[in-house]
Amino acid sequence: MSQGSKPSRIEVLFRKSKPIAESKDKYPELAPGVVVENGIRVERDLPVKMRDGITIYTDVYRPDGANDLPAIVGWSPYGKRAGYAGMKIPGVPEGTVSPMAKFEGPDPAYWCRNGYAVVNPDARGAGNSEGDILFFSPAEGQDCHDLIEWVAAREWSNGKVGLSGNSWLAASQWYTAAEQPPHLAAIAPWEGFDDYYRDTHFCGGIPETGFLERVMEGLCGPGRVEDVLSMLHRYPLMNEYWQEKIAQVENIEVPAYVVASWTNGLHVRGTLDGFRRIASKDKWLRVHNTHEWPDYYDANLVQHLRRFFDRYLKGIQNGWERTERVHLSVLDPGGLDEVNRPEKEWPLQRTQYETLYLDGATGTLSQAPVNREFAARYPADENGQLSFVIRFAQDTELTGYMKLRLWVEADGSDDMDLFVVVQKLDEQGHFLPCYAAGHIHNGAPGWLRVSHREFDPERSTPAEPYLTHRREQLLQPKQIVPVDIGLWPMGMLWHPGQQLRVVVAGHSLLPPWEPRRYELRNRGHHIIHTGGKYDSHLLVPRIPRKGAEPVRHSP
């Protein structure tokens with residue numbers, strides 16, 4: 001990457017960005033100037049020089065005539081004025097978000113009324129900003145670092161800057177805060193990954209290109225865009241290029257308010273991983289039960305975020321420190337979700353891990369080991385799958401990390417792409433889905449390309465295998481190998497008579513509204529060995545209930 005840092009021995013590929021004229025006004029032409037709208041002073045297209053001489057452009061919103069203001073930055077390449085005017089946001093009532101809001105960013109109409117400035121930049125290479133568009137690396141963090149220091153030097157600034165936003169605007173916070181800008185005072189990443197390889201395009205080592213292509217096609221600017229798609233094909237294994245895209249969150253020391261959900265197909269693992277690994281002594285986690293957009297713009301939750309920023313950007317002694325460090329939601333499809341349950345830590349210390357053994361002969365799970373060996377198979381195409389179920393006799397909460405151990409064999413191929421999901425069924429065996437912004441969520445997913453089965457024993461735990469992705473271990477004919485598949489964490493409740501189902505397939509199990517295009521190696525049949533010496537099992541995190549009742553309340 002000619003601007004910023006880049007791996008020293010790997011050439012990074014770029015493609016030409018789409019011109020902004022093709023963006024349908026998502027990236028308007030430069031039009032510097034100042035207007036005042038409803039008491040908000042809007043400064044358009046202010047130039048900001050990066051450390052290597054590149055100029056990016058930003059808009060600044062602030063209360064007209066006010067000084068000594070903290071600022072909130074929403075960093076992304078999506079377009080600093082690509083807001084919500086005329087856009088229907090799934091799960092968000094019309095009129096909730098003003099046209100001033102950047103896509104997935106803080107709404108100036110709210111924050112400026114409450115004594116904040118909002119800074120909406122076009123990241124390097126986006127819109128009219130110079131340079132090439134970069135994807136999640138220290139170079140992006142360094143650019144946002146430089147913008148933060150520019151903001152802190154404005155005559156109206158109180159010298160304290162925060163970061164806010166969801167998805168890209170959340171993920172970029174991990175990379176920025178790791179650079180430790182002197183005037184960064186707090187972050188609020190709302191559902192954003194921290195490992196671009198493991199969380200997005202190589203979940204379990206299986207390459208996914210559909211979502212990436214959509215993102216790249218939507219980015220416009222005067223230069224080039226980092227061609228992650230070509231890099232994905234050229235470098236399918238972990239190397240310096242992908243290693244650089246793992247945020248060094250251990251360097252983050254500023255206060256952090258981190259938000260996750262169980263139902264997001266991109267952000268669950270990375271958000272919770274970031275929360276666990278940051279060095280911040282003052283950090284809070286909330287896991288909600290809806291979807292990132294309705295959650296981020298919910299009026300009560302915006303006020304909750306404001307209490308956090310008031311404490312760390314304005315210095316108001318409002319008692320925020322007494323807030324419980326963790327608030328969890330527990331999904332109860334077919335019932336009433338438990339929302340914002342206060343906890344002291346994540347993962348929960350009272351977790352009791354239990355082993356449920358797969359029986360391929362009966363398609364069941366059991367708490368006792370299965371003695372009889374059995375080889376269950378399915379066609380390794382878009383229709384093939386196996387299911388294993390267990391019925392619970394009492395209320396059963398599973399909240400945390402799950403792992404599926406399988407003994408597998410490929411008949412007709414030297415590799416296997418496995419897709420897994422854990423779901424809730426009713427008493428009659430019907431699927432009970434949960435919903436995100438009105439869309440079905442299929443359950444807690446897991447992925448594995450079997451040739452990527454090698455894991456790091458030092459970073460792995462019994463419930464969380466950490467795959468190295470450093471080499472391929474292809475299968476030999478009739479070779480049977482054990483594999484550990486880490487599922488993305490979840491919190492869910494089963495009532496007496498309801499069932500847990502684990503599905504294993506050779507194709508994506510995500511719902512149709514989460515379009516993915518995986519490049520698969522599946523051919524022939526997949527064989528799952530269970531029983532006897534083949535201890536295929538699901539490790540689950542049971543949480544003692546102690547008579548807890550479903551509740552709904554604000555944090």
# chains A, B, ... in the order shown; residues from 1 in each chain; ligands from 1
call {"tool": "select_by_dssp", "arguments": {"residues": "stretch 181-289 of chain A", "states": "strand (DSSP E or B)", "output": "PyMOL selection string"}}
result
chain A and resi 184-190+195+208+220+224-226+246+256-261+283-288
call {"tool": "residues_around", "arguments": {"residues": "A:Ser23", "least_positions_apart": "6", "cutoff": "9 Å", "atoms": "only C-alpha atoms", "output": "mmCIF file with N, CA and C atoms, in the first residue's frame"}}
result
data_model
loop_
_atom_site.group_PDB
_atom_site.id
_atom_site.type_symbol
_atom_site.label_atom_id
_atom_site.label_comp_id
_atom_site.auth_asym_id
_atom_site.auth_seq_id
_atom_site.Cartn_x
_atom_site.Cartn_y
_atom_site.Cartn_z
ATOM 1 N N GLY A 218 -19.399 -0.980 -4.650
ATOM 2 C CA GLY A 218 -20.084 0.225 -4.198
ATOM 3 C C GLY A 218 -19.169 1.369 -3.824
ATOM 4 N N LEU A 219 -17.840 1.140 -3.849
ATOM 5 C CA LEU A 219 -16.895 2.173 -3.444
ATOM 6 C C LEU A 219 -16.424 2.983 -4.650
ATOM 7 N N CYS A 220 -16.466 4.296 -4.518
ATOM 8 C CA CYS A 220 -16.088 5.177 -5.629
ATOM 9 C C CYS A 220 -15.045 6.190 -5.157
#
call {"tool": "residues_around", "arguments": {"residues": "stretch 447-460 of chain A", "least_positions_apart": "3", "cutoff": "6 Å", "atoms": "only C-alpha atoms", "output": "ChimeraX atom specification"}}
result
/A:203-206,416-419,464-469,472-474,483
call {"tool": "residues_around", "arguments": {"residues": "stretch 179-186 of chain A", "least_positions_apart": "4", "cutoff": "9 Å", "atoms": "only C-alpha atoms", "output": "NGL selection string"}}
result
:A and (138 or 141-142 or 144-146 or 148-149 or 151-152 or 159-163 or 174-175 or 248 or 251-257 or 308-309 or 312-313)
call {"tool": "write_last_selection", "arguments": {"atoms": "N, CA and C atoms", "output": "mmCIF file, in the first residue's frame"}}
result
data_model
loop_
_atom_site.group_PDB
_atom_site.id
_atom_site.type_symbol
_atom_site.label_atom_id
_atom_site.label_comp_id
_atom_site.auth_asym_id
_atom_site.auth_seq_id
_atom_site.Cartn_x
_atom_site.Cartn_y
_atom_site.Cartn_z
ATOM 1 N N PRO A 138 -3.416 -1.411 9.819
ATOM 2 C CA PRO A 138 -2.826 -0.282 10.541
ATOM 3 C C PRO A 138 -2.786 1.000 9.712
ATOM 4 N N GLY A 141 -5.919 2.729 10.318
ATOM 5 C CA GLY A 141 -5.884 3.249 11.675
ATOM 6 C C GLY A 141 -5.023 4.499 11.796
ATOM 7 N N GLN A 142 -3.906 4.538 11.055
ATOM 8 C CA GLN A 142 -3.030 5.704 11.096
ATOM 9 C C GLN A 142 -3.722 6.926 10.483
ATOM 10 N N CYS A 144 -6.995 7.545 10.440
ATOM 11 C CA CYS A 144 -7.993 8.024 11.396
ATOM 12 C C CYS A 144 -7.312 8.670 12.606
ATOM 13 N N HIS A 145 -6.157 8.138 12.999
ATOM 14 C CA HIS A 145 -5.334 8.775 14.044
ATOM 15 C C HIS A 145 -5.050 10.219 13.662
ATOM 16 N N ASP A 146 -4.608 10.436 12.419
ATOM 17 C CA ASP A 146 -4.258 11.783 11.986
ATOM 18 C C ASP A 146 -5.482 12.694 11.958
ATOM 19 N N ILE A 148 -8.127 12.401 13.938
ATOM 20 C CA ILE A 148 -8.456 12.685 15.339
ATOM 21 C C ILE A 148 -7.604 13.826 15.870
ATOM 22 N N GLU A 149 -6.318 13.793 15.560
ATOM 23 C CA GLU A 149 -5.436 14.856 16.051
ATOM 24 C C GLU A 149 -5.751 16.196 15.382
ATOM 25 N N VAL A 151 -8.820 17.066 14.440
ATOM 26 C CA VAL A 151 -10.056 17.500 15.101
ATOM 27 C C VAL A 151 -9.742 18.140 16.451
ATOM 28 N N ALA A 152 -8.859 17.487 17.227
ATOM 29 C CA ALA A 152 -8.553 17.979 18.562
ATOM 30 C C ALA A 152 -7.902 19.361 18.540
ATOM 31 N N GLY A 159 -10.602 19.055 22.959
ATOM 32 C CA GLY A 159 -9.441 18.167 22.949
ATOM 33 C C GLY A 159 -9.757 16.706 23.170
ATOM 34 N N LYS A 160 -11.047 16.362 23.255
ATOM 35 C CA LYS A 160 -11.429 14.964 23.451
ATOM 36 C C LYS A 160 -12.254 14.497 22.260
ATOM 37 N N VAL A 161 -11.874 13.328 21.719
ATOM 38 C CA VAL A 161 -12.524 12.782 20.532
ATOM 39 C C VAL A 161 -12.942 11.345 20.813
ATOM 40 N N GLY A 162 -14.140 10.979 20.360
ATOM 41 C CA GLY A 162 -14.617 9.606 20.458
ATOM 42 C C GLY A 162 -14.902 9.042 19.083
ATOM 43 N N LEU A 163 -15.046 7.721 19.014
ATOM 44 C CA LEU A 163 -15.386 7.040 17.768
ATOM 45 C C LEU A 163 -16.703 6.311 17.965
ATOM 46 N N TRP A 174 -11.279 -0.550 16.044
ATOM 47 C CA TRP A 174 -10.249 -1.421 16.625
ATOM 48 C C TRP A 174 -8.861 -1.041 16.088
ATOM 49 N N TYR A 175 -8.794 -0.809 14.761
ATOM 50 C CA TYR A 175 -7.508 -0.494 14.136
ATOM 51 C C TYR A 175 -7.016 0.900 14.541
ATOM 52 N N GLN A 248 -4.632 -5.064 16.343
ATOM 53 C CA GLN A 248 -3.821 -5.241 17.549
ATOM 54 C C GLN A 248 -4.555 -4.624 18.744
ATOM 55 N N ASN A 251 -3.443 -3.263 22.256
ATOM 56 C CA ASN A 251 -2.886 -1.928 22.451
ATOM 57 C C ASN A 251 -3.926 -0.900 22.874
ATOM 58 N N ILE A 252 -5.202 -1.295 22.896
ATOM 59 C CA ILE A 252 -6.274 -0.337 23.173
ATOM 60 C C ILE A 252 -6.435 -0.163 24.678
ATOM 61 N N GLU A 253 -6.325 1.085 25.137
ATOM 62 C CA GLU A 253 -6.397 1.377 26.564
ATOM 63 C C GLU A 253 -7.500 2.357 26.923
ATOM 64 N N VAL A 254 -8.128 2.991 25.927
ATOM 65 C CA VAL A 254 -9.163 3.989 26.225
ATOM 66 C C VAL A 254 -10.455 3.290 26.634
ATOM 67 N N PRO A 255 -11.341 3.978 27.357
ATOM 68 C CA PRO A 255 -12.639 3.399 27.705
ATOM 69 C C PRO A 255 -13.403 2.966 26.453
ATOM 70 N N ALA A 256 -14.115 1.852 26.577
ATOM 71 C CA ALA A 256 -14.802 1.266 25.424
ATOM 72 C C ALA A 256 -16.187 0.776 25.818
ATOM 73 N N TYR A 257 -17.166 1.127 25.005
ATOM 74 C CA TYR A 257 -18.531 0.615 25.135
ATOM 75 C C TYR A 257 -18.764 -0.217 23.884
ATOM 76 N N PHE A 308 -22.312 7.395 28.358
ATOM 77 C CA PHE A 308 -20.918 6.946 28.272
ATOM 78 C C PHE A 308 -20.025 8.059 27.748
ATOM 79 N N PHE A 309 -20.437 8.682 26.624
ATOM 80 C CA PHE A 309 -19.620 9.752 26.056
ATOM 81 C C PHE A 309 -19.602 10.987 26.967
ATOM 82 N N TYR A 312 -16.804 10.339 29.452
ATOM 83 C CA TYR A 312 -15.406 10.282 29.022
ATOM 84 C C TYR A 312 -15.011 11.347 28.003
ATOM 85 N N LEU A 313 -15.971 12.000 27.375
ATOM 86 C CA LEU A 313 -15.634 13.090 26.451
ATOM 87 C C LEU A 313 -15.917 14.468 27.044
#
call {"tool": "atom_distance", "arguments": {"atom1": "atom CA of A:Leu301", "atom2": "atom CA of A:Val259"}}
result
10.7 Å
call {"tool": "closest_atom_pairs", "arguments": {"of": "stretch 256-303 of chain A", "to": "stretch 104-119 of chain A", "cutoff": "9 Å", "atoms": "only C-alpha atoms", "output": "CSV"}}
result
residue,atom,partner,partner_atom,distance
A:Glu292,CA,A:Glu104,CA,8.9
A:Trp293,CA,A:Glu104,CA,7.3
A:Tyr296,CA,A:Glu104,CA,8.2
A:Tyr297,CA,A:Pro106,CA,8.4
A:Val302,CA,A:Tyr110,CA,8.9
call {"tool": "closest_residue", "arguments": {"among": "A:Gln498, A:Ser137, A:Thr351, A:Gln243", "to": "A:Gly335", "atoms": "only C-alpha atoms"}}
result
A:Gln498
call {"tool": "residues_around", "arguments": {"residues": "A:Gly491", "least_positions_apart": "4", "cutoff": "7 Å", "atoms": "only C-alpha atoms", "output": "ChimeraX atom specification"}}
result
/A:329-331,398-400
call {"tool": "residues_around", "arguments": {"residues": "stretch 53-63 of chain A", "least_positions_apart": "3", "cutoff": "6 Å", "atoms": "only C-alpha atoms", "output": "JSON, numbers by chain"}}
result
{"A": [40, 41, 42, 43, 44, 45, 46, 47, 48, 49, 50, 66, 112, 117, 118, 119, 120, 121, 122, 124, 129, 130]}
call {"tool": "write_last_selection", "arguments": {"atoms": "C-alpha atoms", "output": "mmCIF file, in the first residue's frame"}}
result
data_model
loop_
_atom_site.group_PDB
_atom_site.id
_atom_site.type_symbol
_atom_site.label_atom_id
_atom_site.label_comp_id
_atom_site.auth_asym_id
_atom_site.auth_seq_id
_atom_site.Cartn_x
_atom_site.Cartn_y
_atom_site.Cartn_z
ATOM 1 C CA ILE A 40 -26.330 23.187 13.417
ATOM 2 C CA ARG A 41 -23.298 24.636 11.674
ATOM 3 C CA VAL A 42 -22.322 22.383 8.761
ATOM 4 C CA GLU A 43 -18.827 22.804 7.315
ATOM 5 C CA ARG A 44 -18.486 20.904 4.046
ATOM 6 C CA ASP A 45 -15.397 19.364 2.470
ATOM 7 C CA LEU A 46 -12.738 20.516 4.897
ATOM 8 C CA PRO A 47 -9.298 19.297 3.763
ATOM 9 C CA VAL A 48 -7.235 17.252 6.208
ATOM 10 C CA LYS A 49 -3.607 16.363 5.462
ATOM 11 C CA MET A 50 -2.426 12.856 6.348
ATOM 12 C CA ALA A 66 -20.583 26.744 20.483
ATOM 13 C CA CYS A 112 -25.229 18.411 18.076
ATOM 14 C CA ALA A 117 -19.559 17.891 17.143
ATOM 15 C CA VAL A 118 -19.880 15.073 14.610
ATOM 16 C CA VAL A 119 -17.080 14.561 12.089
ATOM 17 C CA ASN A 120 -17.888 12.582 8.933
ATOM 18 C CA PRO A 121 -14.819 11.959 6.755
ATOM 19 C CA ASP A 122 -14.453 10.254 3.424
ATOM 20 C CA ARG A 124 -8.535 7.753 1.934
ATOM 21 C CA SER A 129 -10.335 12.103 -0.874
ATOM 22 C CA GLU A 130 -6.959 11.459 -2.448
#
call {"tool": "atom_distance", "arguments": {"atom1": "atom CA of A:Ile480", "atom2": "atom CA of A:His526"}}
result
10.9 Å
call {"tool": "closest_atom_pairs", "arguments": {"of": "stretch 370-464 of chain A", "to": "stretch 262-271 of chain A", "cutoff": "12 Å", "atoms": "only C-alpha atoms", "output": "tab-separated table"}}
result
residue	atom	partner	partner_atom	distance
A:Thr399	CA	A:Trp262	CA	10.1
A:Gly400	CA	A:Trp262	CA	10.2
A:Tyr401	CA	A:Arg269	CA	9.7
A:Met402	CA	A:Arg269	CA	11.9
A:Pro433	CA	A:Thr263	CA	10.6
A:Cys434	CA	A:Thr263	CA	8.1
A:Tyr435	CA	A:Thr263	CA	7.7
A:Ala436	CA	A:Thr263	CA	6.4
A:Ala437	CA	A:Thr263	CA	9.8
A:Gly438	CA	A:Thr263	CA	11.6
A:His439	CA	A:Thr263	CA	10.0
A:Ile440	CA	A:Thr263	CA	9.2
A:His441	CA	A:Thr263	CA	6.2
A:Asn442	CA	A:Thr263	CA	8.5
A:Gly443	CA	A:Thr263	CA	7.6
A:Ala444	CA	A:Trp262	CA	7.7
A:Pro445	CA	A:Gly265	CA	8.5
A:Gly446	CA	A:Arg269	CA	10.7
A:Glu464	CA	A:Arg269	CA	10.9
call {"tool": "atom_distance", "arguments": {"atom1": "atom CA of A:Ile10", "atom2": "atom CA of A:Tyr235"}}
result
9.9 Å
call {"tool": "residues_around", "arguments": {"residues": "A:Ala375", "least_positions_apart": "3", "cutoff": "7 Å", "atoms": "only C-alpha atoms", "output": "ChimeraX atom specification"}}
result
/A:360,527-530
call {"tool": "closest_residue", "arguments": {"among": "A:Pro70, A:Pro77, A:Gly165, A:Gly506", "to": "A:Asp415", "atoms": "only C-alpha atoms"}}
result
A:Gly506
call {"tool": "closest_residue", "arguments": {"among": "A:Gly127, A:Gly74, A:Gly363, A:Pro32", "to": "A:Val502", "atoms": "only C-alpha atoms"}}
result
A:Gly363
call {"tool": "closest_residue", "arguments": {"among": "A:Leu520, A:His525, A:Gly125, A:Leu13", "to": "A:Thr209", "atoms": "only C-alpha atoms"}}
result
A:Leu520
